[in-house]
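Peer 1: What follows is protein_33.txt; its format and atoms are compact mmCIF, C-alpha atoms.
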```txt
# COMPACT_ATOMS: atom_id res chain seq x y z
CA MET A 13 41.21 -56.74 81.39
CA GLU A 14 37.93 -57.99 79.90
CA LYS A 15 35.86 -55.25 78.28
CA LYS A 16 32.68 -54.35 80.14
CA ILE A 17 29.30 -54.51 78.42
CA ARG A 18 28.07 -50.92 78.23
CA ILE A 19 24.39 -50.41 79.02
CA GLY A 20 22.09 -47.52 78.23
CA ILE A 21 18.86 -47.05 80.17
CA PHE A 22 16.00 -45.23 78.45
CA GLY A 23 13.42 -43.89 80.89
CA GLY A 24 14.46 -42.72 84.31
CA PHE A 25 11.23 -43.26 86.27
CA ARG A 26 11.34 -47.06 85.97
CA GLY A 27 14.87 -47.37 84.64
CA GLU A 28 16.44 -46.04 87.82
CA ALA A 29 15.71 -49.43 89.42
CA PHE A 30 18.21 -51.15 87.10
CA TYR A 31 21.10 -48.76 87.61
CA SER A 32 22.59 -49.93 90.90
CA MET A 33 22.19 -53.63 90.13
CA ILE A 34 24.02 -53.34 86.81
CA GLN A 35 26.78 -51.17 88.26
CA LYS A 36 27.55 -53.82 90.87
CA ASP A 37 28.42 -56.44 88.24
CA PRO A 38 32.12 -56.29 87.26
CA GLY A 39 31.29 -57.24 83.68
CA PHE A 40 28.86 -54.36 83.10
CA CYS A 41 28.60 -50.62 83.38
CA VAL A 42 25.81 -48.11 82.81
CA ARG A 43 27.27 -45.81 80.16
CA ALA A 44 24.20 -43.56 79.85
CA ILE A 45 20.74 -43.06 81.27
CA CYS A 46 18.16 -40.98 79.43
CA ASP A 47 14.95 -39.16 80.26
CA GLY A 48 13.17 -36.32 78.50
CA ARG A 49 12.02 -34.63 81.71
CA GLU A 50 14.37 -32.11 83.21
CA GLU A 51 13.30 -32.76 86.80
CA THR A 52 14.00 -36.48 86.37
CA ARG A 53 17.43 -35.80 84.87
CA LYS A 54 18.30 -33.64 87.87
CA LYS A 55 17.38 -36.48 90.18
CA LEU A 56 19.38 -38.97 88.10
CA SER A 57 22.42 -36.71 88.11
CA GLN A 58 22.51 -36.95 91.89
CA LEU A 59 22.19 -40.75 91.76
CA VAL A 60 24.65 -41.87 89.09
CA GLY A 61 28.41 -41.83 89.13
CA GLU A 62 30.64 -39.59 87.01
CA ASP A 63 31.16 -42.36 84.43
CA THR A 64 27.44 -42.39 83.55
CA LEU A 65 26.08 -39.76 81.19
CA VAL A 66 22.63 -38.33 81.87
CA CYS A 67 21.04 -37.69 78.48
CA ALA A 68 18.01 -35.75 77.33
CA THR A 69 17.39 -37.60 74.04
CA PHE A 70 17.50 -41.14 72.74
CA ASP A 71 19.97 -40.14 70.02
CA GLU A 72 22.32 -38.66 72.62
CA MET A 73 22.26 -41.93 74.54
CA ILE A 74 22.87 -44.00 71.39
CA GLU A 75 25.84 -41.84 70.44
CA ALA A 76 27.37 -42.27 73.92
CA GLY A 77 28.66 -45.69 72.86
CA ILE A 78 26.50 -48.47 74.29
CA ASP A 79 26.28 -52.19 73.56
CA ALA A 80 22.73 -52.74 74.81
CA VAL A 81 19.77 -50.63 75.88
CA ILE A 82 17.12 -51.27 78.51
CA LEU A 83 13.88 -49.70 77.31
CA ALA A 84 12.02 -48.46 80.39
CA ASN A 85 10.11 -45.70 78.65
CA TYR A 86 6.33 -45.44 78.23
CA PHE A 87 4.48 -48.75 77.86
CA HIS A 88 3.29 -48.20 74.28
CA GLU A 89 6.47 -46.67 72.81
CA HIS A 90 9.00 -49.51 72.94
CA ALA A 91 8.88 -50.91 69.40
CA SER A 92 10.07 -47.84 67.51
CA TYR A 93 12.99 -47.27 69.87
CA ALA A 94 13.90 -50.96 69.82
CA ILE A 95 14.07 -50.84 66.03
CA ARG A 96 16.25 -47.71 66.08
CA ALA A 97 18.61 -49.36 68.56
CA MET A 98 18.93 -52.63 66.67
CA GLU A 99 19.52 -50.79 63.39
CA ALA A 100 22.40 -49.02 65.19
CA GLY A 101 23.92 -52.38 66.20
CA ILE A 102 22.64 -52.32 69.79
CA ASP A 103 21.00 -55.21 71.66
CA VAL A 104 17.60 -54.55 73.25
CA ILE A 105 15.95 -55.36 76.56
CA SER A 106 12.29 -54.28 76.65
CA GLU A 107 10.90 -53.71 80.13
CA THR A 108 7.21 -53.90 79.20
CA THR A 109 5.20 -54.86 76.13
CA ALA A 110 7.13 -55.34 72.89
CA ALA A 111 4.73 -53.41 70.61
CA PRO A 112 1.32 -51.69 70.76
CA THR A 113 0.16 -52.51 67.20
CA LEU A 114 0.22 -55.58 64.99
CA GLY A 115 2.20 -53.78 62.31
CA GLU A 116 4.92 -52.85 64.79
CA CYS A 117 5.00 -56.45 66.03
CA LEU A 118 5.96 -57.53 62.51
CA ASP A 119 8.38 -54.64 61.99
CA LEU A 120 10.12 -55.51 65.26
CA VAL A 121 10.54 -59.19 64.42
CA GLU A 122 11.81 -58.47 60.92
CA CYS A 123 14.30 -55.93 62.26
CA CYS A 124 15.62 -58.41 64.82
CA GLU A 125 15.97 -61.10 62.14
CA ARG A 126 17.65 -58.70 59.72
CA THR A 127 20.14 -57.24 62.18
CA GLY A 128 20.81 -60.36 64.25
CA ARG A 129 20.70 -58.36 67.48
CA LYS A 130 19.71 -59.84 70.82
CA TYR A 131 16.22 -59.04 72.11
CA MET A 132 14.58 -59.96 75.40
CA LEU A 133 11.38 -59.02 77.20
CA ALA A 134 12.31 -58.40 80.84
CA ALA A 135 9.18 -59.89 82.42
CA ASN A 136 9.90 -59.85 86.16
CA CYS A 137 6.72 -61.53 87.45
CA PRO A 138 7.74 -65.07 86.34
CA ARG A 139 10.80 -64.59 88.56
CA MET A 140 8.71 -64.03 91.68
CA VAL A 141 8.75 -66.79 94.28
CA GLY A 142 5.34 -68.38 93.65
CA PRO A 143 5.33 -68.14 89.83
CA GLY A 144 8.90 -69.40 89.76
CA GLU A 145 7.88 -72.47 91.74
CA LEU A 146 4.96 -73.14 89.36
CA MET A 147 7.37 -73.03 86.43
CA ASP A 148 9.93 -75.32 88.06
CA ARG A 149 7.44 -77.97 89.14
CA TYR A 150 5.50 -77.91 85.89
CA ARG A 151 8.65 -78.22 83.80
CA SER A 152 9.81 -81.14 85.94
CA GLY A 153 7.05 -83.19 84.27
CA GLU A 154 5.50 -84.48 87.48
CA LEU A 155 2.08 -82.96 86.66
CA GLY A 156 1.91 -84.03 83.03
CA GLU A 157 0.58 -81.66 80.40
CA VAL A 158 -1.39 -78.54 81.33
CA LEU A 159 -5.05 -78.62 80.32
CA TYR A 160 -6.33 -75.38 81.84
CA ALA A 161 -4.70 -72.42 83.54
CA GLU A 162 -5.74 -69.15 85.18
CA ALA A 163 -4.00 -65.87 85.95
CA GLU A 164 -5.29 -62.76 87.71
CA TYR A 165 -3.55 -59.43 88.05
CA LEU A 166 -5.58 -56.95 90.09
CA HIS A 167 -4.11 -53.51 90.62
CA ARG A 168 -6.23 -50.56 91.76
CA LEU A 169 -4.74 -47.18 90.95
CA GLU A 170 -7.17 -44.45 91.91
CA GLU A 171 -10.15 -45.45 94.05
CA GLY A 172 -10.67 -44.14 97.57
CA LYS A 173 -9.49 -41.11 99.48
CA ASN A 174 -6.07 -41.08 97.77
CA ALA A 175 -7.51 -41.04 94.25
CA ASP A 176 -6.29 -37.56 93.35
CA ALA A 177 -2.74 -38.26 94.53
CA ALA A 178 -2.69 -41.55 92.63
CA ALA A 179 -3.99 -39.84 89.51
CA GLU A 180 -1.21 -37.26 89.62
CA LEU A 181 1.36 -40.08 89.65
CA PHE A 182 -0.24 -42.55 87.23
CA TYR A 183 -2.09 -40.18 84.86
CA PRO A 184 0.18 -37.12 84.77
CA THR A 185 -0.94 -35.78 81.35
CA PRO A 186 -4.22 -35.77 79.38
CA ASN A 187 -2.84 -38.18 76.76
CA HIS A 188 -0.96 -40.47 79.14
CA TRP A 189 -1.08 -44.12 78.06
CA ARG A 190 -2.71 -45.40 81.27
CA ARG A 191 -5.82 -43.30 80.57
CA TYR A 192 -6.35 -45.26 77.36
CA LEU A 193 -5.02 -48.69 78.33
CA PRO A 194 -7.30 -51.46 76.94
CA GLY A 195 -8.25 -54.22 79.34
CA THR A 196 -6.19 -56.93 77.65
CA TYR A 197 -2.95 -55.06 76.82
CA TYR A 198 -1.10 -55.12 80.14
CA ASN A 199 -0.68 -58.90 80.28
CA MET A 200 2.97 -59.45 81.27
CA HIS A 201 1.98 -60.12 84.89
CA SER A 202 -0.85 -62.51 84.01
CA LEU A 203 -0.76 -64.36 80.68
CA GLY A 204 2.99 -63.80 80.61
CA VAL A 205 3.43 -65.86 83.77
CA LEU A 206 1.43 -68.75 82.32
CA MET A 207 3.38 -68.66 79.07
CA ALA A 208 6.68 -68.56 80.97
CA ALA A 209 5.70 -71.48 83.21
CA THR A 210 4.50 -73.75 80.41
CA GLY A 211 6.50 -72.63 77.37
CA LEU A 212 3.32 -72.64 75.28
CA ASP A 213 2.33 -70.29 72.46
CA VAL A 214 -1.03 -68.52 72.01
CA ARG A 215 -3.19 -69.56 69.03
CA ARG A 216 -6.67 -68.02 69.53
CA VAL A 217 -8.34 -65.44 71.77
CA THR A 218 -11.80 -64.31 72.74
CA ALA A 219 -12.15 -61.48 75.25
CA MET A 220 -14.60 -59.19 77.05
CA GLU A 221 -14.35 -56.19 79.34
CA ILE A 222 -16.24 -55.56 82.57
CA TYR A 223 -18.58 -52.55 82.54
CA THR A 224 -20.67 -51.33 85.45
CA LYS A 225 -22.17 -47.92 85.98
CA ASN A 226 -20.83 -47.65 89.53
CA TYR A 227 -17.29 -48.51 88.45
CA ALA A 228 -17.39 -45.99 85.61
CA GLU A 229 -18.08 -43.25 88.14
CA ASN A 230 -14.90 -44.19 90.01
CA VAL A 231 -12.53 -44.02 87.04
CA LYS A 232 -13.00 -40.33 86.31
CA TYR A 233 -9.38 -40.00 85.14
CA LYS A 234 -9.59 -42.72 82.49
CA GLU A 235 -10.97 -42.67 78.99
CA ASN A 236 -11.41 -46.44 79.24
CA LYS A 237 -14.31 -46.86 81.69
CA SER A 238 -14.06 -50.63 82.08
CA ALA A 239 -12.97 -52.42 85.24
CA GLY A 240 -10.64 -54.63 83.22
CA GLY A 241 -10.43 -57.24 80.51
CA ILE A 242 -10.86 -61.01 80.73
CA ALA A 243 -9.67 -63.30 77.93
CA LEU A 244 -9.77 -66.98 77.04
CA TYR A 245 -6.76 -68.20 75.07
CA GLU A 246 -6.37 -71.43 73.15
CA MET A 247 -2.75 -72.51 73.42
CA SER A 248 -0.47 -74.42 71.08
CA ASN A 249 -1.13 -77.74 72.87
CA GLY A 250 -4.93 -77.26 72.90
CA ALA A 251 -5.09 -76.08 76.52
CA ILE A 252 -7.34 -73.17 77.50
CA PHE A 253 -5.92 -70.32 79.58
CA ARG A 254 -8.10 -67.71 81.30
CA SER A 255 -6.31 -64.47 82.04
CA THR A 256 -6.96 -60.90 83.06
CA GLY A 257 -5.00 -57.95 81.80
CA CYS A 258 -4.47 -55.36 84.53
CA CYS A 259 -7.84 -55.11 86.29
CA GLY A 260 -8.85 -52.12 88.37
CA PHE A 261 -11.00 -53.92 90.93
CA GLY A 262 -9.50 -55.22 94.13
CA PRO A 263 -8.13 -56.01 96.52
CA SER A 264 -4.87 -55.76 94.62
CA GLY A 265 -2.92 -58.98 94.13
CA LYS A 266 -1.83 -61.74 91.78
CA TRP A 267 -2.96 -65.36 91.52
CA PHE A 268 -1.90 -68.19 89.20
CA ARG A 269 -3.06 -71.77 88.66
CA LEU A 270 -2.03 -74.65 86.40
CA SER A 271 -4.51 -77.54 86.15
CA CYS A 272 -2.81 -80.51 84.55
CA GLU A 273 -3.27 -84.18 83.69
CA LYS A 274 -1.89 -85.40 87.02
CA GLY A 275 -2.86 -82.58 89.36
CA THR A 276 -2.91 -78.85 90.05
CA ILE A 277 -0.46 -76.30 91.35
CA GLU A 278 -1.41 -72.73 92.26
CA THR A 279 -0.30 -69.76 94.31
CA ALA A 280 -2.18 -68.90 97.48
CA ARG A 281 -4.99 -66.39 97.02
CA THR A 282 -3.69 -64.05 99.69
CA ASN A 283 0.04 -64.75 99.31
CA GLN A 284 1.53 -65.09 95.84
CA ASP A 285 4.78 -66.42 97.36
CA ARG A 286 3.05 -69.47 98.88
CA VAL A 287 2.05 -72.54 96.83
CA LEU A 288 -0.70 -75.16 96.98
CA PHE A 289 0.25 -78.43 95.24
CA ARG A 290 -2.28 -81.21 94.68
CA LYS A 291 -1.64 -84.45 92.82
CA ASN A 292 -4.72 -86.40 91.69
CA ASP A 293 -5.86 -88.81 94.45
CA ALA A 294 -3.28 -87.44 96.91
CA ALA A 295 -3.39 -85.16 99.92
CA PRO A 296 -2.84 -81.45 99.19
CA GLU A 297 0.48 -79.86 100.10
CA GLU A 298 0.70 -76.17 100.99
CA TYR A 299 4.20 -74.81 101.45
CA ASP A 300 6.65 -71.95 101.10
CA PRO A 301 8.98 -72.60 98.14
CA LYS A 302 12.71 -72.89 98.71
CA ASN A 303 13.49 -70.21 96.13
CA GLN A 304 12.92 -67.36 98.58
CA TYR A 305 14.46 -63.96 97.95
CA THR A 306 17.65 -63.07 99.71
CA GLU A 307 17.74 -59.91 101.81
CA ALA A 308 19.90 -58.26 99.15
CA GLU A 309 17.32 -59.11 96.47
CA LYS A 310 14.46 -57.74 98.54
CA ARG A 311 16.13 -54.34 98.72
CA GLU A 312 16.14 -53.96 94.94
CA GLY A 313 12.40 -53.59 94.28
CA HIS A 314 9.21 -55.53 93.54
CA GLY A 315 9.96 -57.71 96.55
CA GLY A 316 13.08 -59.14 94.94
CA ALA A 317 11.87 -59.79 91.39
CA ASP A 318 13.79 -56.80 89.99
CA ALA A 319 17.07 -58.27 91.18
CA ARG A 320 16.34 -61.63 89.59
CA ILE A 321 15.24 -60.21 86.24
CA CYS A 322 18.29 -57.94 86.22
CA ARG A 323 20.48 -60.98 86.74
CA GLN A 324 18.73 -62.69 83.83
CA ILE A 325 19.32 -59.62 81.66
CA MET A 326 23.04 -59.71 82.40
CA ASP A 327 23.24 -63.48 81.93
CA TYR A 328 21.57 -63.13 78.54
CA LEU A 329 23.67 -60.23 77.28
CA SER A 330 26.90 -61.88 78.45
CA GLY A 331 26.02 -65.21 76.85
CA ARG A 332 25.86 -67.11 80.13
CA ASP A 333 22.16 -67.88 79.45
CA PRO A 334 21.40 -67.71 75.71
CA GLU A 335 17.69 -68.58 75.99
CA PRO A 336 15.49 -66.02 77.79
CA LEU A 337 11.92 -66.88 78.75
CA PHE A 338 10.74 -64.28 76.22
CA ASP A 339 12.85 -63.92 73.10
CA ILE A 340 11.70 -61.71 70.23
CA TYR A 341 9.08 -64.19 69.03
CA ARG A 342 7.47 -64.93 72.38
CA ALA A 343 7.64 -61.27 73.42
CA VAL A 344 5.77 -60.26 70.28
CA MET A 345 3.33 -63.14 70.74
CA LEU A 346 2.43 -61.79 74.17
CA SER A 347 1.80 -58.34 72.69
CA MET A 348 -0.29 -59.85 69.88
CA ALA A 349 -2.44 -61.68 72.44
CA GLY A 350 -3.35 -58.36 74.07
CA ILE A 351 -3.95 -56.58 70.76
CA TYR A 352 -6.12 -59.31 69.30
CA GLY A 353 -7.91 -59.39 72.67
CA LEU A 354 -8.96 -55.77 72.11
CA TYR A 355 -10.09 -56.62 68.58
CA SER A 356 -12.22 -59.39 70.09
CA ILE A 357 -13.72 -56.98 72.64
CA LEU A 358 -14.56 -54.41 69.98
CA GLU A 359 -16.02 -56.84 67.45
CA GLY A 360 -17.43 -59.58 69.68
CA LYS A 361 -15.71 -62.48 67.97
CA THR A 362 -12.83 -64.91 68.36
CA TYR A 363 -9.54 -64.14 66.64
CA ASP A 364 -6.87 -66.53 65.43
CA ILE A 365 -3.35 -65.39 66.30
CA PRO A 366 -0.86 -66.09 63.50
CA ASP A 367 2.38 -67.92 64.19
CA ILE A 368 4.89 -65.07 64.21
CA ARG A 369 7.67 -67.49 63.25
CA ASP A 370 5.85 -68.39 60.02
CA ARG A 371 6.82 -65.81 57.38
CA GLU A 372 3.71 -66.46 55.31
CA ALA A 373 1.22 -66.55 58.19
CA ARG A 374 2.51 -63.32 59.73
CA GLU A 375 1.90 -61.29 56.57
CA VAL A 376 -1.60 -60.57 57.90
CA LEU A 377 0.04 -58.20 60.40
CA ARG A 378 1.73 -56.01 57.83
CA GLY A 379 0.65 -52.38 57.84
CA ASP A 380 -1.88 -52.70 60.68
CA TYR A 381 -0.86 -49.74 62.84
CA ARG A 382 -4.24 -49.12 64.45
CA SER A 383 -3.66 -47.95 68.01
CA PRO A 384 -5.85 -47.07 71.02
CA PHE A 385 -3.17 -44.66 72.28
CA PRO A 386 -3.17 -40.99 71.23
CA ASP A 387 -0.36 -39.66 69.05
CA ALA A 388 1.37 -36.34 69.66
CA GLU A 389 -1.68 -34.49 68.34
CA GLY A 390 -4.08 -36.49 70.50
CA ASN A 391 -5.47 -38.59 67.63
CA ARG A 392 -6.27 -42.30 67.90
CA THR A 393 -7.05 -44.90 65.24
CA LEU A 394 -8.70 -47.50 67.49
CA PRO A 395 -11.09 -47.26 70.46
CA SER A 396 -9.61 -48.31 73.80
CA HIS A 397 -12.83 -50.06 74.84
CA ARG A 398 -16.22 -51.06 73.52
CA LYS A 399 -19.05 -48.56 73.70
CA HIS A 400 -21.42 -49.96 76.30
CA PRO A 401 -25.08 -48.93 76.85
CA GLY A 402 -25.60 -47.13 80.13
CA ILE A 403 -21.94 -46.33 80.72
CA GLU A 404 -20.94 -42.68 80.70
CA GLU A 405 -18.33 -41.95 78.01
```
Please express the file's structure as structure tokens.

Peer 2:
Amino acid sequence: MEKKIRIGIFGGFRGEAFYSMIQKDPGFCVRAICDGREETRKKLSQLVGEDTLVCATFDEMIEAGIDAVILANYFHEHASYAIRAMEAGIDVISETTAAPTLGECLDLVECCERTGRKYMLAANCPRMVGPGELMDRYRSGELGEVLYAEAEYLHRLEEGKNADAAAELFYPTPNHWRRYLPGTYYNMHSLGVLMAATGLDVRRVTAMEIYTKNYAENVKYKENKSAGGIALYEMSNGAIFRSTGCCGFGPSGKWFRLSCEKGTIETARTNQDRVLFRKNDAAPEEYDPKNQYTEAEKREGHGGADARICRQIMDYLSGRDPEPLFDIYRAVMLSMAGIYGLYSILEGKTYDIPDIRDREAREVLRGDYRSPFPDAEGNRTLPSHRKHPGIEE
């Protein structure tokens, strides 16, 4: 009987979504799932089968005997755990951003190169119906080369009558990462979609955040008082991409557009699963893509995207699909785009983004561990936003 690939899941709040999908595949099993919170472990113990260990520490999970780990822990804490896993001979799937600092971006890449372990960023948004159609049609070549692209990710968390309840869920502690999230950092659902669709790399960035007095009064739970970050990126082919991070104004939704030599393709403003396709000098075509989610996929979360990204994870780890959309280099590049975006916001200038594959060019990253997120003692080494006249701090 063929040996199953043994998976560990680190972080029960988000990681729970991967459990049932992995367990259903005959070539995989979830050997351990880990969370530091006792109440979450109790919930997980009622969910998982007797063959899955529920662990309280990362070390306990590593020692359980796993081949790969899905990192579903806090947004800004993936790099250090990824390095520990790879050094232990374990492949890594990162569920959000690869690293929160430039120094950790370099450390992560060098560890992956040194150990030869597999690494993948599990970006689910490119697997959604509309973004997936943009990728397929762009990569078919019928539109020619992209010249300009746009991506918006709008996600309100706390405004309105349910603000206190939302805050309890999304900002559970004084030093929680969402309180300090810079406007350009959470870019997997925006710039990440454009990078996935086109296969292009980021070369330069200039960014700004949106500050208004009225909005600052609404975000009483956040240290970062901006409504979100907007960035312009110069890509490896010379194209310009405009992208948000995760913006707090609404209504909530996602929108993506590729403007190319021979036409434009975009998702509908009010329905990210519907597509508008326009060739130059031709009538527009608005349609529902054929790559709709199955009913089984829809039951797994994020409208079906979780099921598709989980399938990609298993295809990658098993060798069925050796080339993920975001390998170690492109995952780190996406993180660097957000980090350099914050640098641009703070200093008001454009930043070049070094080619992470170039060993000489990437030396500029070494030792730069400045972070907008508090450490265990509550100390930060970088502001999360620019001080703005007239905005309450």

Peer 1: Have a look at atom CA of Leu354 of chain A and atom CA of Ala219 of chain A and let me know their distance in Å, one decimal.

Peer 2: 7.3 Å

Peer 1: Residues proximal to (21.4, -56.7, 69.7) were defined as those with any atom within 8 Å of that point in the file's coordinates, counting only C-alpha atoms. Which are they, as an MDAnalysis selection string?

Peer 2: chainID A and resid 79:80 97:98 101:104 124 127:131

Peer 1: Could you check how far atom CA of Glu125 of chain A sits from atom CA of Ile351 of chain A, in Å to one decimal?

Peer 2: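 According to the coordinates, atom CA of Glu125 of chain A and atom CA of Ile351 of chain A are separated by 22.2 Å.
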
Peer 1: How close does each residue of segment 287-361 of chain A get to segment 366-388 of chain A, giving the shortest atom pair and distance in Å to one decimal for every residue with an atom at most 9 Å away, counting only C-alpha atoms, sorted by chain and residue number, as a Markdown table?

Peer 2:
```
| residue | atom | partner | partner_atom | distance |
| --- | --- | --- | --- | --- |
| A:Tyr341 | CA | A:Ile368 | CA | 6.4 |
| A:Arg342 | CA | A:Ile368 | CA | 8.6 |
| A:Val344 | CA | A:Ile368 | CA | 7.8 |
| A:Met345 | CA | A:Ile368 | CA | 7.0 |
| A:Met348 | CA | A:Pro366 | CA | 8.9 |
```

Peer 1: Nearest to Ile357 of chain A: which of A:Tyr223, A:Phe338, A:Tyr299, A:Phe22 is it, counting only C-alpha atoms?

Peer 2: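 Looking at the shortest contact to Ile357 of chain A, the residue is A:Tyr223.
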
Peer 1: Can you tell me, as a PDB file with C-alpha atoms, in the frame of the given file, what residues are no more than 10 Å from Phe182 of chain A when counting only C-alpha atoms, ignoring any on the same chain fewer than 4 positions away?

Peer 2:
```pdb
ATOM      1  CA  LEU A 169      -4.740 -47.180  90.950  1.00  0.00           C
ATOM      2  CA  GLU A 170      -7.170 -44.450  91.910  1.00  0.00           C
ATOM      3  CA  ASP A 176      -6.290 -37.560  93.350  1.00  0.00           C
ATOM      4  CA  ALA A 177      -2.740 -38.260  94.530  1.00  0.00           C
ATOM      5  CA  ALA A 178      -2.690 -41.550  92.630  1.00  0.00           C
ATOM      6  CA  HIS A 188      -0.960 -40.470  79.140  1.00  0.00           C
ATOM      7  CA  TRP A 189      -1.080 -44.120  78.060  1.00  0.00           C
ATOM      8  CA  ARG A 190      -2.710 -45.400  81.270  1.00  0.00           C
ATOM      9  CA  ARG A 191      -5.820 -43.300  80.570  1.00  0.00           C
ATOM     10  CA  TYR A 233      -9.380 -40.000  85.140  1.00  0.00           C
TER      11      TYR A 233
END
```

Peer 1: Fewer than 2 positions away in the same chain doesn't count, so skip those; otherwise give me all residues within 9 Å of Gly350 of chain A, counting all atoms listed in the file, as an mmCIF file with C-alpha atoms, keeping the file's coordinate frame.

Peer 2:
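Everything below was put into selection_39.cif:
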```cif
data_model
loop_
_atom_site.group_PDB
_atom_site.id
_atom_site.type_symbol
_atom_site.label_atom_id
_atom_site.label_comp_id
_atom_site.auth_asym_id
_atom_site.auth_seq_id
_atom_site.Cartn_x
_atom_site.Cartn_y
_atom_site.Cartn_z
ATOM 1 C CA PRO A 112 1.320 -51.690 70.760
ATOM 2 C CA PRO A 194 -7.300 -51.460 76.940
ATOM 3 C CA GLY A 195 -8.250 -54.220 79.340
ATOM 4 C CA THR A 196 -6.190 -56.930 77.650
ATOM 5 C CA TYR A 197 -2.950 -55.060 76.820
ATOM 6 C CA TYR A 198 -1.100 -55.120 80.140
ATOM 7 C CA ASN A 199 -0.680 -58.900 80.280
ATOM 8 C CA VAL A 217 -8.340 -65.440 71.770
ATOM 9 C CA ALA A 243 -9.670 -63.300 77.930
ATOM 10 C CA GLY A 257 -5.000 -57.950 81.800
ATOM 11 C CA MET A 345 3.330 -63.140 70.740
ATOM 12 C CA LEU A 346 2.430 -61.790 74.170
ATOM 13 C CA SER A 347 1.800 -58.340 72.690
ATOM 14 C CA MET A 348 -0.290 -59.850 69.880
ATOM 15 C CA TYR A 352 -6.120 -59.310 69.300
ATOM 16 C CA GLY A 353 -7.910 -59.390 72.670
ATOM 17 C CA LEU A 354 -8.960 -55.770 72.110
ATOM 18 C CA TYR A 355 -10.090 -56.620 68.580
#
```

Peer 1: Point out the residue among A:Thr256, A:Thr185, A:Thr218, A:Thr362 with the least atom-to-atom distance to Leu203 of chain A, counting all atoms listed in the file.

Peer 2: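 Under the stated criterion, the closest residue is A:Thr256.
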
Peer 1: Env of Thr279 of chain A: 10 Å cut, atoms = all atoms listed in the file, seq-sep filter 5 positions within chain, self excluded. Answer as a list in words.

Peer 2: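 Once the adjacent positions are removed, what remains is Val141, Gly142, Pro143, Glu145, Leu146, Ala163, Lys266, Trp267, Phe268, Arg269, Leu270, Gln284, Asp285, Arg286, Val287, Leu288, Phe289, Glu298, Tyr299 and Asp300 of chain A.
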
Peer 1: Generate a file for segment 312-328 of chain A, containing C-alpha atoms, as an mmCIF file, in the first residue's frame.

Peer 2:
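Output contents, as saved in result_20.cif:
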```cif
data_model
loop_
_atom_site.group_PDB
_atom_site.id
_atom_site.type_symbol
_atom_site.label_atom_id
_atom_site.label_comp_id
_atom_site.auth_asym_id
_atom_site.auth_seq_id
_atom_site.Cartn_x
_atom_site.Cartn_y
_atom_site.Cartn_z
ATOM 1 C CA GLU A 312 -15.790 23.824 1.759
ATOM 2 C CA GLY A 313 -15.491 27.587 2.316
ATOM 3 C CA HIS A 314 -14.778 30.890 0.568
ATOM 4 C CA GLY A 315 -17.430 29.993 -1.988
ATOM 5 C CA GLY A 316 -15.408 27.062 -3.294
ATOM 6 C CA ALA A 317 -11.915 28.567 -3.456
ATOM 7 C CA ASP A 318 -10.744 26.653 -0.367
ATOM 8 C CA ALA A 319 -11.472 23.346 -2.073
ATOM 9 C CA ARG A 320 -9.538 24.330 -5.178
ATOM 10 C CA ILE A 321 -6.496 25.625 -3.324
ATOM 11 C CA CYS A 322 -6.508 22.508 -1.150
ATOM 12 C CA ARG A 323 -6.466 20.398 -4.300
ATOM 13 C CA GLN A 324 -3.516 22.436 -5.574
ATOM 14 C CA ILE A 325 -1.702 21.895 -2.271
ATOM 15 C CA MET A 326 -2.120 18.138 -2.559
ATOM 16 C CA ASP A 327 -1.174 18.115 -6.250
ATOM 17 C CA TYR A 328 1.995 20.034 -5.423
#
```
